$ cat input_9.tsv   # TSV, C-alpha atoms
chain	number	residue	atom	x	y	z
A	1	MET	CA	-20.19	-3.28	-12.58
A	2	ALA	CA	-17.60	-3.60	-9.83
A	3	TYR	CA	-19.70	-4.70	-6.86
A	4	SER	CA	-18.47	-4.82	-3.26
A	5	GLY	CA	-21.81	-5.55	-1.60
A	6	GLY	CA	-21.54	-2.30	0.35
A	7	LEU	CA	-23.77	0.74	0.45
A	8	ASP	CA	-22.54	2.64	-2.63
A	9	THR	CA	-22.53	-0.24	-5.09
A	10	SER	CA	-25.79	-1.71	-3.79
A	11	VAL	CA	-27.54	1.59	-4.39
A	12	LEU	CA	-25.74	1.75	-7.72
A	13	ILE	CA	-27.36	-1.43	-9.09
A	14	LYS	CA	-30.82	0.07	-8.68
A	15	TYR	CA	-29.72	3.49	-9.90
A	16	VAL	CA	-28.13	2.21	-13.12
A	17	GLN	CA	-31.16	0.06	-13.93
A	18	GLU	CA	-33.51	3.03	-13.41
A	19	LYS	CA	-31.49	5.78	-15.08
A	20	TYR	CA	-29.95	3.91	-18.01
A	21	ASP	CA	-32.58	1.20	-18.43
A	22	ALA	CA	-29.63	-1.19	-18.53
A	23	GLN	CA	-29.01	-4.80	-17.68
A	24	VAL	CA	-26.33	-5.04	-15.02
A	25	ILE	CA	-23.71	-7.76	-14.65
A	26	THR	CA	-21.96	-7.50	-11.30
A	27	ILE	CA	-18.47	-8.69	-10.42
A	28	THR	CA	-16.87	-9.09	-6.99
A	29	ILE	CA	-13.13	-9.63	-6.79
A	30	ASP	CA	-11.79	-11.46	-3.76
A	31	VAL	CA	-8.54	-9.74	-2.74
A	32	GLY	CA	-8.75	-11.01	0.82
A	33	GLN	CA	-11.30	-8.54	2.17
A	34	GLY	CA	-12.76	-11.30	4.33
A	35	GLU	CA	-16.36	-10.61	3.34
A	36	ASP	CA	-19.18	-12.99	2.49
A	37	LEU	CA	-18.86	-13.23	-1.28
A	38	LYS	CA	-21.76	-15.65	-1.58
A	39	GLY	CA	-23.88	-13.18	0.34
A	40	ALA	CA	-22.76	-10.40	-2.00
A	41	GLU	CA	-23.81	-12.50	-4.99
A	42	GLU	CA	-27.25	-13.22	-3.50
A	43	LYS	CA	-27.69	-9.54	-2.64
A	44	ALA	CA	-26.72	-8.42	-6.15
A	45	LYS	CA	-29.23	-10.80	-7.74
A	46	LYS	CA	-31.99	-9.70	-5.37
A	47	LEU	CA	-31.31	-6.11	-6.45
A	48	GLY	CA	-31.79	-7.09	-10.08
A	49	ALA	CA	-28.36	-8.05	-11.40
A	50	LEU	CA	-28.67	-10.12	-14.57
A	51	LYS	CA	-25.61	-12.18	-13.70
A	52	HIS	CA	-22.90	-12.14	-11.03
A	53	TYR	CA	-19.25	-13.20	-11.02
A	54	ASN	CA	-17.22	-14.02	-7.91
A	55	ILE	CA	-13.51	-14.15	-8.79
A	56	ASP	CA	-10.84	-15.33	-6.38
A	57	ALA	CA	-7.82	-13.16	-7.21
A	58	LYS	CA	-6.00	-13.32	-3.86
A	59	GLU	CA	-3.01	-15.24	-5.17
A	60	GLU	CA	-2.66	-13.00	-8.21
A	61	PHE	CA	-3.02	-9.94	-5.99
A	62	ALA	CA	-0.22	-11.12	-3.72
A	63	LYS	CA	2.24	-12.10	-6.44
A	64	GLU	CA	1.57	-9.47	-9.12
A	65	TYR	CA	0.68	-6.43	-7.02
A	66	ILE	CA	1.79	-6.82	-3.39
A	67	PHE	CA	5.22	-8.34	-4.09
A	68	PRO	CA	6.19	-5.53	-6.49
A	69	ALA	CA	5.08	-3.06	-3.80
A	70	ILE	CA	7.35	-4.77	-1.27
A	71	LYS	CA	10.28	-4.56	-3.67
A	72	ALA	CA	9.53	-0.83	-4.06
A	73	ASN	CA	9.21	-0.24	-0.28
A	74	ALA	CA	5.83	1.25	-1.13
A	75	LEU	CA	4.75	3.89	1.40
A	76	TYR	CA	2.95	6.90	-0.04
A	77	GLU	CA	4.04	10.08	1.75
A	78	GLY	CA	6.08	7.87	4.05
A	79	LYS	CA	3.02	6.37	5.77
A	80	TYR	CA	0.35	4.82	3.52
A	81	PRO	CA	1.24	1.32	2.24
A	82	LEU	CA	-1.15	1.39	-0.75
A	83	SER	CA	-3.38	-1.25	0.81
A	84	THR	CA	-6.41	-0.05	-1.19
A	85	SER	CA	-4.62	1.47	-4.18
A	86	LEU	CA	-2.97	-1.78	-5.26
A	87	SER	CA	-6.23	-3.67	-5.69
A	88	ARG	CA	-7.83	-1.14	-8.06
A	89	PRO	CA	-5.90	-1.96	-11.26
A	90	LEU	CA	-6.48	-5.67	-10.60
A	91	ILE	CA	-10.24	-5.13	-10.17
A	92	ALA	CA	-10.30	-3.01	-13.34
A	93	LYS	CA	-8.43	-5.72	-15.25
A	94	LYS	CA	-10.94	-8.38	-14.17
A	95	MET	CA	-13.86	-6.09	-15.03
A	96	VAL	CA	-12.56	-5.73	-18.58
A	97	GLU	CA	-12.07	-9.51	-18.92
A	98	VAL	CA	-15.68	-10.19	-17.89
A	99	ALA	CA	-17.04	-7.33	-20.00
A	100	GLU	CA	-15.33	-8.72	-23.10
A	101	LYS	CA	-16.60	-12.20	-22.35
A	102	GLU	CA	-20.19	-10.99	-21.87
A	103	GLY	CA	-20.16	-8.40	-24.66
A	104	ALA	CA	-20.93	-5.55	-22.25
A	105	THR	CA	-20.76	-2.04	-23.65
A	106	GLY	CA	-20.14	-0.16	-20.40
A	107	LEU	CA	-17.96	-0.42	-17.30
A	108	VAL	CA	-19.37	0.94	-14.05
A	109	HIS	CA	-17.63	1.72	-10.74
A	110	GLY	CA	-19.02	3.22	-7.55
A	111	CYS	CA	-16.38	5.85	-6.79
A	112	THR	CA	-17.24	9.35	-5.63
A	113	GLY	CA	-15.91	12.55	-7.16
A	114	ARG	CA	-13.84	13.35	-4.08
A	115	GLY	CA	-11.60	10.32	-3.80
A	116	ASN	CA	-8.63	8.71	-5.51
A	117	ASP	CA	-10.31	5.55	-6.76
A	118	GLN	CA	-12.23	7.36	-9.48
A	119	VAL	CA	-8.88	8.28	-11.05
A	120	ARG	CA	-7.53	4.75	-10.74
A	121	PHE	CA	-10.60	3.11	-12.26
A	122	ASP	CA	-11.22	5.67	-15.00
A	123	ILE	CA	-7.65	5.60	-16.29
A	124	THR	CA	-7.13	1.84	-16.06
A	125	LEU	CA	-10.50	0.93	-17.54
A	126	SER	CA	-10.23	3.40	-20.42
A	127	ALA	CA	-6.65	2.29	-21.14
A	128	LEU	CA	-7.51	-1.43	-21.19
A	129	ALA	CA	-10.88	-1.08	-22.96
A	130	PRO	CA	-10.95	2.23	-24.88
A	131	GLU	CA	-14.00	1.12	-26.88
A	132	LYS	CA	-16.22	0.77	-23.79
A	133	LYS	CA	-17.96	3.58	-21.93
A	134	VAL	CA	-16.83	4.15	-18.34
A	135	LEU	CA	-19.58	5.27	-15.97
A	136	ALA	CA	-19.23	6.69	-12.45
A	137	PRO	CA	-22.84	7.39	-11.38
A	138	VAL	CA	-22.00	8.14	-7.74
A	139	ARG	CA	-19.88	11.02	-8.99
A	140	GLU	CA	-22.87	12.30	-10.96
A	141	TRP	CA	-25.77	11.89	-8.56
A	142	GLY	CA	-24.28	14.07	-5.82
A	143	LEU	CA	-25.99	12.23	-2.94
A	144	THR	CA	-24.65	12.61	0.59
A	145	ARG	CA	-24.02	9.44	2.57
A	146	GLU	CA	-27.17	10.10	4.61
A	147	GLU	CA	-29.18	10.50	1.40
A	148	GLU	CA	-27.74	7.22	0.10
A	149	ILE	CA	-28.85	5.44	3.25
A	150	THR	CA	-32.35	6.91	2.88
A	151	TYR	CA	-32.45	5.88	-0.81
A	152	ALA	CA	-31.36	2.37	0.18
A	153	LYS	CA	-34.07	2.05	2.83
A	154	ASN	CA	-36.74	3.35	0.44
A	155	ASN	CA	-35.72	0.78	-2.16
A	156	GLY	CA	-35.43	-2.19	0.17
A	157	ILE	CA	-31.63	-2.29	0.11
A	158	PRO	CA	-30.17	-3.63	3.40
A	159	VAL	CA	-27.76	-1.28	5.19
A	160	SER	CA	-25.37	-2.62	7.87
A	161	GLU	CA	-24.83	-0.77	11.12
A	162	ASN	CA	-21.13	-0.46	10.32
A	163	ALA	CA	-21.91	1.17	6.97
A	164	LYS	CA	-23.84	3.84	8.83
A	165	LYS	CA	-20.74	4.72	10.86
A	166	TYR	CA	-17.74	4.23	8.55
A	167	SER	CA	-16.69	3.55	4.99
A	168	ILE	CA	-14.37	0.52	5.07
A	169	ASP	CA	-12.25	-1.05	2.36
A	170	ALA	CA	-10.11	-4.12	3.01
A	171	SER	CA	-7.75	-6.56	1.33
A	172	ILE	CA	-5.10	-8.98	2.54
A	173	TRP	CA	-2.71	-6.01	2.52
A	174	GLY	CA	-4.70	-3.86	4.95
A	175	ARG	CA	-7.88	-2.05	5.96
A	176	ALA	CA	-8.83	1.56	5.18
A	177	ILE	CA	-11.45	3.28	7.36
A	178	GLU	CA	-13.08	6.65	6.63
A	179	CYS	CA	-16.12	8.83	7.40
A	180	GLY	CA	-18.09	9.60	10.53
A	181	LEU	CA	-16.16	10.72	13.59
A	182	LEU	CA	-12.91	10.24	11.69
A	183	GLU	CA	-13.57	13.24	9.47
A	184	ASP	CA	-12.62	15.50	12.37
A	185	ALA	CA	-8.83	15.27	12.15
A	186	ASN	CA	-8.56	16.13	15.85
A	187	ASN	CA	-10.64	13.16	17.04
A	188	GLU	CA	-8.79	10.09	18.27
A	189	PRO	CA	-10.14	7.05	16.39
A	190	PRO	CA	-12.44	4.95	18.60
A	191	GLU	CA	-11.52	1.33	19.22
A	192	ASP	CA	-14.40	0.00	17.10
A	193	VAL	CA	-12.51	1.26	14.03
A	194	TYR	CA	-9.95	-1.50	14.41
A	195	GLU	CA	-10.37	-5.23	13.77
A	196	TRP	CA	-6.89	-6.59	13.08
A	197	THR	CA	-4.90	-4.92	15.85
A	198	THR	CA	-5.11	-4.61	19.60
A	199	SER	CA	-4.34	-1.30	21.28
A	200	ALA	CA	-0.80	-0.74	22.50
A	201	GLU	CA	-2.17	-0.51	26.04
A	202	ASN	CA	-3.75	-3.97	25.80
A	203	ALA	CA	-0.92	-5.61	23.86
A	204	PRO	CA	1.19	-8.28	25.60
A	205	ASN	CA	3.72	-7.06	28.15
A	206	THR	CA	6.35	-9.37	26.68
A	207	PRO	CA	7.94	-8.55	23.31
A	208	GLU	CA	7.97	-11.12	20.51
A	209	ILE	CA	10.82	-11.79	18.08
A	210	ILE	CA	9.93	-12.54	14.47
A	211	THR	CA	12.35	-13.51	11.69
A	212	ILE	CA	11.45	-12.96	8.04
A	213	ARG	CA	13.47	-14.44	5.20
A	214	PHE	CA	13.56	-12.87	1.74
A	215	GLU	CA	14.67	-14.29	-1.58
A	216	GLN	CA	15.38	-11.69	-4.26
A	217	GLY	CA	13.28	-9.11	-2.44
A	218	VAL	CA	10.26	-11.34	-1.78
A	219	PRO	CA	9.34	-12.70	1.68
A	220	VAL	CA	9.35	-16.51	1.71
A	221	SER	CA	9.40	-17.64	5.34
A	222	VAL	CA	8.51	-16.59	8.88
A	223	ASN	CA	10.46	-17.92	11.84
A	224	GLY	CA	12.07	-20.57	9.65
A	225	LYS	CA	8.81	-21.86	8.18
A	226	VAL	CA	8.47	-21.55	4.40
A	227	MET	CA	5.02	-20.24	3.49
A	228	ALA	CA	2.96	-19.45	0.41
A	229	PRO	CA	2.34	-15.71	-0.10
A	230	LEU	CA	-1.17	-15.59	1.41
A	231	GLU	CA	-0.23	-17.76	4.36
A	232	LEU	CA	2.84	-15.63	5.07
A	233	ILE	CA	0.98	-12.33	4.98
A	234	GLY	CA	-1.75	-13.77	7.19
A	235	ALA	CA	0.77	-15.10	9.71
A	236	VAL	CA	2.59	-11.78	10.02
A	237	ASN	CA	-0.75	-9.95	10.23
A	238	GLU	CA	-1.77	-12.08	13.18
A	239	ILE	CA	1.55	-11.83	15.04
A	240	ALA	CA	1.99	-8.09	14.50
A	241	GLY	CA	-1.65	-7.23	15.14
A	242	LYS	CA	-1.53	-9.02	18.48
A	243	HIS	CA	1.27	-6.65	19.53
A	244	GLY	CA	-0.57	-3.50	18.46
A	245	VAL	CA	1.54	-3.00	15.33
A	246	GLY	CA	-0.06	-1.63	12.17
A	247	ARG	CA	-2.24	1.33	13.13
A	248	ILE	CA	-1.78	4.37	10.87
A	249	ASP	CA	-3.41	7.78	11.36
A	250	HIS	CA	-2.50	9.87	8.35
A	251	ILE	CA	-3.24	13.26	6.76
A	252	GLU	CA	-3.05	12.36	3.09
A	253	ASP	CA	-2.79	14.41	-0.09
A	254	ARG	CA	-5.28	12.94	-2.53
A	255	ILE	CA	-4.61	13.01	-6.25
A	256	ILE	CA	-7.36	15.54	-6.89
A	257	GLY	CA	-5.90	18.06	-4.43
A	258	LEU	CA	-7.92	17.48	-1.27
A	259	LYS	CA	-6.31	16.64	2.02
A	260	SER	CA	-8.01	13.78	3.86
A	261	ARG	CA	-7.70	12.15	7.25
A	262	GLU	CA	-7.15	8.44	6.72
A	263	ILE	CA	-7.06	5.55	9.17
A	264	TYR	CA	-5.31	2.38	8.04
A	265	GLU	CA	-4.72	-0.94	9.71
A	266	CYS	CA	-1.76	-2.75	8.11
A	267	PRO	CA	0.15	-4.98	10.56
A	268	ALA	CA	1.95	-7.28	8.11
A	269	VAL	CA	2.79	-4.46	5.73
A	270	LEU	CA	4.68	-2.35	8.22
A	271	VAL	CA	6.69	-5.31	9.53
A	272	ILE	CA	7.56	-6.69	6.08
A	273	LEU	CA	8.52	-3.31	4.63
A	274	GLU	CA	10.68	-2.45	7.65
A	275	ALA	CA	12.50	-5.76	7.25
A	276	HIS	CA	12.89	-5.36	3.49
A	277	LYS	CA	14.34	-1.85	3.71
A	278	ASP	CA	16.85	-3.01	6.32
A	279	LEU	CA	17.97	-5.97	4.23
A	280	GLU	CA	18.48	-3.72	1.20
A	281	LYS	CA	20.86	-1.54	3.21
A	282	LEU	CA	22.87	-4.63	4.12
A	283	VAL	CA	23.39	-5.90	0.56
A	284	MET	CA	23.35	-2.74	-1.58
A	285	THR	CA	26.03	-0.12	-2.04
A	286	ARG	CA	25.37	3.38	-0.75
A	287	HIS	CA	24.87	4.59	-4.33
A	288	GLN	CA	22.30	1.88	-5.03
A	289	VAL	CA	20.37	2.64	-1.83
A	290	LEU	CA	20.22	6.39	-2.45
A	291	PHE	CA	19.26	6.04	-6.11
A	292	LYS	CA	16.65	3.37	-5.44
A	293	GLN	CA	14.93	5.66	-2.93
A	294	GLN	CA	14.20	8.00	-5.85
A	295	ILE	CA	12.96	5.15	-8.03
A	296	ASP	CA	10.78	3.81	-5.20
A	297	SER	CA	9.25	7.24	-4.65
A	298	GLN	CA	8.30	7.56	-8.32
A	299	TRP	CA	6.93	3.99	-8.40
A	300	VAL	CA	4.76	4.66	-5.36
A	301	TYR	CA	3.45	7.88	-6.86
A	302	LEU	CA	2.42	6.14	-10.08
A	303	ALA	CA	0.73	3.28	-8.20
A	304	TYR	CA	-1.09	5.70	-5.90
A	305	SER	CA	-2.18	8.14	-8.59
A	306	GLY	CA	-3.85	5.68	-10.94
A	307	LEU	CA	-1.03	5.19	-13.44
A	308	TRP	CA	-0.42	1.47	-12.87
A	309	VAL	CA	-0.64	0.80	-16.62
A	310	ASP	CA	1.58	3.72	-17.61
A	311	PRO	CA	4.73	2.60	-19.48
A	312	LEU	CA	6.93	4.48	-16.99
A	313	LYS	CA	5.86	2.03	-14.30
A	314	ASP	CA	7.02	-0.86	-16.49
A	315	ASP	CA	10.38	0.88	-16.86
A	316	LEU	CA	10.68	1.35	-13.10
A	317	ASP	CA	9.68	-2.28	-12.51
A	318	ALA	CA	12.57	-3.38	-14.72
A	319	TYR	CA	15.08	-1.45	-12.61
A	320	ILE	CA	13.55	-2.49	-9.29
A	321	ASN	CA	13.50	-6.17	-10.24
A	322	ARG	CA	17.16	-5.99	-11.26
A	323	SER	CA	18.01	-4.27	-7.97
A	324	GLN	CA	16.50	-7.14	-5.97
A	325	GLU	CA	18.77	-9.90	-7.27
A	326	ASN	CA	20.98	-9.75	-4.16
A	327	VAL	CA	18.21	-8.96	-1.66
A	328	THR	CA	18.28	-12.39	-0.06
A	329	GLY	CA	18.65	-13.04	3.65
A	330	GLU	CA	16.95	-12.87	7.04
A	331	VAL	CA	15.86	-9.95	9.19
A	332	LYS	CA	15.01	-10.31	12.87
A	333	LEU	CA	12.52	-7.87	14.41
A	334	LYS	CA	11.19	-7.23	17.91
A	335	LEU	CA	7.48	-6.35	18.23
A	336	TYR	CA	6.33	-4.67	21.40
A	337	LYS	CA	3.25	-2.57	22.20
A	338	GLY	CA	2.86	-0.99	18.77
A	339	SER	CA	6.57	-0.68	17.97
A	340	ILE	CA	8.79	-2.47	15.45
A	341	GLN	CA	12.54	-2.70	16.01
A	342	VAL	CA	15.02	-4.43	13.73
A	343	ILE	CA	17.46	-6.25	15.99
A	344	GLY	CA	19.44	-8.40	13.54
A	345	ARG	CA	20.03	-9.29	9.92
A	346	ASN	CA	22.18	-11.61	7.81
A	347	SER	CA	22.69	-12.35	4.13
A	348	PRO	CA	25.11	-14.32	1.95
A	349	ASN	CA	25.35	-11.10	-0.10
A	350	SER	CA	26.13	-8.83	2.87
A	351	LEU	CA	28.47	-5.90	2.22
A	352	TYR	CA	29.01	-5.49	5.95
A	353	ASP	CA	32.37	-6.86	7.12
A	354	LYS	CA	32.80	-6.83	10.88
A	355	ASN	CA	36.54	-7.31	10.47
A	356	LEU	CA	36.74	-3.96	8.67
A	357	ALA	CA	34.40	-2.18	11.07
A	358	ASN	CA	35.83	-3.65	14.29
A	359	TYR	CA	37.62	-1.16	16.57
A	360	ASN	CA	39.39	-3.74	18.71
A	361	ILE	CA	41.34	-5.91	16.29
A	362	LYS	CA	43.80	-5.34	13.49
A	363	THR	CA	42.08	-5.25	10.12
A	364	SER	CA	42.93	-4.73	6.48
A	365	PHE	CA	41.43	-1.25	6.71
A	366	ASP	CA	44.37	1.21	6.62
A	367	GLN	CA	43.29	4.15	8.76
A	368	SER	CA	46.06	6.33	7.38
A	369	TYR	CA	44.16	6.57	4.10
A	370	SER	CA	41.41	8.51	5.87
A	371	LYS	CA	43.53	11.67	6.20
A	372	GLY	CA	44.01	12.04	2.44
A	373	PHE	CA	40.34	11.20	1.79
A	374	ILE	CA	39.14	13.88	4.21
A	375	GLU	CA	41.51	16.42	2.61
A	376	LEU	CA	39.93	15.89	-0.80
A	377	TRP	CA	36.35	15.31	0.42
A	378	GLY	CA	36.22	18.66	2.21
A	379	LEU	CA	38.31	20.65	-0.27
A	380	GLN	CA	35.52	22.72	-1.83
A	381	THR	CA	33.78	23.24	1.50
A	382	ARG	CA	36.97	24.71	2.97
A	383	MET	CA	37.51	26.87	-0.13
A	384	TYR	CA	33.98	28.26	0.08
A	385	ASN	CA	34.29	29.14	3.76
A	386	SER	CA	37.71	30.74	3.24
A	387	LEU	CA	36.29	32.90	0.46
A	388	LYS	CA	33.28	33.78	2.60
A	389	ALA	CA	35.52	34.81	5.50
A	390	CYS	CA	37.66	36.93	3.18
A	391	LYS	CA	34.63	38.80	1.80
A	392	THR	CA	33.32	39.40	5.32
A	393	SER	CA	36.63	40.85	6.51
A	394	GLN	CA	36.69	43.27	3.54
A	395	LYS	CA	33.30	44.81	4.34
A	396	PRO	CA	33.57	48.43	5.67

$ encode --input "input_9.tsv" --output "structure tokens"
Amino acid sequence: MAYSGGLDTSVLIKYVQEKYDAQVITITIDVGQGEDLKGAEEKAKKLGALKHYNIDAKEEFAKEYIFPAIKANALYEGKYPLSTSLSRPLIAKKMVEVAEKEGATGLVHGCTGRGNDQVRFDITLSALAPEKKVLAPVREWGLTREEEITYAKNNGIPVSENAKKYSIDASIWGRAIECGLLEDANNEPPEDVYEWTTSAENAPNTPEIITIRFEQGVPVSVNGKVMAPLELIGAVNEIAGKHGVGRIDHIEDRIIGLKSREIYECPAVLVILEAHKDLEKLVMTRHQVLFKQQIDSQWVYLAYSGLWVDPLKDDLDAYINRSQENVTGEVKLKLYKGSIQVIGRNSPNSLYDKNLANYNIKTSFDQSYSKGFIELWGLQTRMYNSLKACKTSQKP
């Protein structure tokens, strides 16, 4: 059983033992959620878990899931950076590894029937371990959140005050906050929703400049200091969060058809993706940039909709990885009261030539060529409008 230590999965341990008369092995995957994993283990065992696994997968998460998302400029519907979505196939993979080691016959997750995670877990688990039964008891029992809390109290399961207010999921790539007051899409999120970012009003009155260096599409340093993946993401999170960058309030189209109001907190993500997109435009041709936008969009859709292990994603990864070979260089950004502004960039692979673009000096760019280009570029447009004018003049 995938076990987070939260309300749903804590109730789930008891429920599965009672309903299926089953022994439960719990597994908690550390993807940088910043929670007490030892506490989660102790809680799981108190609730009757036969055995518990704590697995540190932060490094794998960063290199094998987050870095590909950076290369794909991953923003679902232009806003959501897949902070939760990316961890699901990794958790499913680790679940299968432990299940095979322990000889377990079933794989259990705590997703509801209204969200996206049920799709991600069901598909990934059944694809990686088709011989094992996948169970989603929360989807079956139909309990409301209030009923879950009551069930927990009646069975001696501790419930945090925060769990009573919100449903929170976190990783090193961001926080997702749902439920409670947030379900009214017209309510402004209260400040207690946020942990990683200050409000724009309370952010420093002086902007801060941050420089991120990429090598083949992957961030490798901040302000000239080379960092390991986790250290780099943490450093950008801290800098950007201090300046109120990273708050996302989003009406999202879930896979199953529902619209949902989602609150995300992703400081590092927004800064890194903004820098990466800008660097791509510097080193890629126009045709590459426009085509890759289509590839990125399809990649994001697969990652969001639970198809991480679909062969099409492997095909898209191959193209995206090839496209990143020249995406090396630095991007300079200004952070100020919730805003991100790219203010400079450089690369040894830059296709920008200031001597060609300069208006004030003689260059090798022959402006006389432009006349013939415009003549051919607009040929069909002029023909269409001439024909249109002719038809209009002939009307009685």

$ atom_distance --input "input_9.tsv" --atom1 "CA of Asn187 in chain A" --atom2 "CA of Arg120 in chain A"
29.2 Å

$ closest_atom_pairs --input "input_9.tsv" --of "range 190-241 of chain A" --to "range 342-357 of chain A" --cutoff "10 Å" --atoms "only C-alpha atoms" --output "JSON lines"
{"residue": "A:Ile209", "atom": "CA", "partner": "A:Ile343", "partner_atom": "CA", "distance": 8.9}
{"residue": "A:Ile210", "atom": "CA", "partner": "A:Val342", "partner_atom": "CA", "distance": 9.6}
{"residue": "A:Thr211", "atom": "CA", "partner": "A:Gly344", "partner_atom": "CA", "distance": 8.9}
{"residue": "A:Ile212", "atom": "CA", "partner": "A:Arg345", "partner_atom": "CA", "distance": 9.5}
{"residue": "A:Arg213", "atom": "CA", "partner": "A:Ser347", "partner_atom": "CA", "distance": 9.5}
{"residue": "A:Phe214", "atom": "CA", "partner": "A:Ser347", "partner_atom": "CA", "distance": 9.5}

$ closest_residue --input "input_9.tsv" --among "A:Val193, A:Ser10, A:Ser386, A:Asn326" --to "Ile149 in chain A" --atoms "all atoms listed in the file"
A:Ser10

$ closest_atom_pairs --input "input_9.tsv" --of "range 15-83 of chain A" --to "range 124-141 of chain A" --cutoff "12 Å" --atoms "all atoms listed in the file" --output "Markdown table"
| residue | atom | partner | partner_atom | distance |
| --- | --- | --- | --- | --- |
| A:Tyr15 | CA | A:Pro137 | CA | 8.0 |
| A:Val16 | CA | A:Pro137 | CA | 7.6 |
| A:Gln17 | CA | A:Pro137 | CA | 11.4 |
| A:Glu18 | CA | A:Pro137 | CA | 11.7 |
| A:Lys19 | CA | A:Pro137 | CA | 9.5 |
| A:Tyr20 | CA | A:Pro137 | CA | 10.3 |

$ residues_near_point --input "input_9.tsv" --point "(-2.0, 1.8, 3.1)" --cutoff "9 Å" --atoms "all atoms listed in the file" --output "JSON, numbers by chain"
{"A": [74, 75, 76, 79, 80, 81, 82, 83, 84, 85, 173, 174, 175, 176, 248, 263, 264, 265, 266, 269]}

$ residues_around --input "input_9.tsv" --residues "Lys313 in chain A" --least-positions-apart "5" --cutoff "12 Å" --atoms "only C-alpha atoms" --output "NGL selection string"
:A and (68-69 or 72 or 295-308 or 318-321)

$ closest_residue --input "input_9.tsv" --among "A:Ile25, A:Ala62, A:Leu279, A:Ala2" --to "Ala49 in chain A" --atoms "all atoms listed in the file"
A:Ile25

$ closest_residue --input "input_9.tsv" --among "A:Ile251, A:Leu232, A:Ala200, A:Met95" --to "Asn186 in chain A" --atoms "only C-alpha atoms"
A:Ile251

$ closest_residue --input "input_9.tsv" --among "A:Asp169, A:Asp36, A:Glu148, A:Glu41" --to "Arg88 in chain A" --atoms "only C-alpha atoms"
A:Asp169

$ closest_residue --input "input_9.tsv" --among "A:Leu270, A:Cys111, A:Ala40, A:Ile66" --to "Ser87 in chain A" --atoms "all atoms listed in the file"
A:Ile66

$ atom_distance --input "input_9.tsv" --atom1 "CA of Val11 in chain A" --atom2 "CA of Arg261 in chain A"
25.3 Å

$ closest_residue --input "input_9.tsv" --among "A:Gln324, A:Gln118, A:Thr381, A:Thr112" --to "Gly142 in chain A" --atoms "all atoms listed in the file"
A:Thr112

$ atom_distance --input "input_9.tsv" --atom1 "CA of Pro267 in chain A" --atom2 "CA of Gly244 in chain A"
8.1 Å

$ residues_near_point --input "input_9.tsv" --point "(-13.8, 5.1, 6.7)" --cutoff "7 Å" --atoms "all atoms listed in the file" --output "MDAnalysis selection string"
chainID A and resid 166:168 176:179

$ axis_aligned_box --input "input_9.tsv" --around "range 287-295 of chain A" --padding-each-side "6 Å" --output "lines of an AutoDock Vina configuration file"
center_x = 18.9
center_y = 4.9
center_z = -4.9
size_x = 23.9
size_y = 18.1
size_z = 18.2

$ residues_around --input "input_9.tsv" --residues "Leu335 in chain A" --least-positions-apart "2" --cutoff "10 Å" --atoms "all atoms listed in the file" --output "list of chain:residue names"
A:Pro204, A:Thr206, A:Pro207, A:Glu208, A:Ile209, A:Ile210, A:Ile239, A:Ala240, A:Gly241, A:Lys242, A:His243, A:Gly244, A:Val245, A:Val271, A:Leu333, A:Lys337, A:Gly338, A:Ser339, A:Ile340, A:Gln341, A:Val342

$ residues_around --input "input_9.tsv" --residues "Ile172 in chain A" --least-positions-apart "2" --cutoff "8 Å" --atoms "only C-alpha atoms" --output "PyMOL selection string"
chain A and resi 31-33+58+170+174+230+233-234

$ decode --input "input_9.tsv" --residues "range 33-61 of chain A" --atoms "C-alpha atoms" --output "mmCIF file, in the first residue's frame"
data_model
loop_
_atom_site.group_PDB
_atom_site.id
_atom_site.type_symbol
_atom_site.label_atom_id
_atom_site.label_comp_id
_atom_site.auth_asym_id
_atom_site.auth_seq_id
_atom_site.Cartn_x
_atom_site.Cartn_y
_atom_site.Cartn_z
ATOM 1 C CA GLN A 33 7.579 16.321 0.709
ATOM 2 C CA GLY A 34 9.348 17.402 3.891
ATOM 3 C CA GLU A 35 7.285 15.185 6.178
ATOM 4 C CA ASP A 36 8.335 13.034 9.120
ATOM 5 C CA LEU A 37 8.912 9.682 7.434
ATOM 6 C CA LYS A 38 9.931 7.998 10.676
ATOM 7 C CA GLY A 39 6.687 9.218 12.192
ATOM 8 C CA ALA A 40 4.771 7.837 9.221
ATOM 9 C CA GLU A 41 6.423 4.453 9.737
ATOM 10 C CA GLU A 42 5.557 4.396 13.445
ATOM 11 C CA LYS A 43 1.980 5.441 12.676
ATOM 12 C CA ALA A 44 1.577 2.739 10.027
ATOM 13 C CA LYS A 45 2.795 0.035 12.403
ATOM 14 C CA LYS A 46 0.506 1.259 15.189
ATOM 15 C CA LEU A 47 -2.400 0.955 12.751
ATOM 16 C CA GLY A 48 -1.497 -2.669 12.083
ATOM 17 C CA ALA A 49 0.883 -2.652 9.121
ATOM 18 C CA LEU A 50 2.824 -5.917 8.935
ATOM 19 C CA LYS A 51 5.910 -4.173 7.591
ATOM 20 C CA HIS A 52 6.833 -0.676 6.414
ATOM 21 C CA TYR A 53 9.306 0.626 3.840
ATOM 22 C CA ASN A 54 10.706 4.164 3.743
ATOM 23 C CA ILE A 55 12.407 4.785 0.394
ATOM 24 C CA ASP A 56 14.446 7.889 -0.370
ATOM 25 C CA ALA A 57 13.777 8.553 -4.056
ATOM 26 C CA LYS A 58 14.473 12.305 -4.149
ATOM 27 C CA GLU A 59 17.539 12.044 -6.364
ATOM 28 C CA GLU A 60 15.826 9.667 -8.774
ATOM 29 C CA PHE A 61 12.763 11.908 -8.810
#
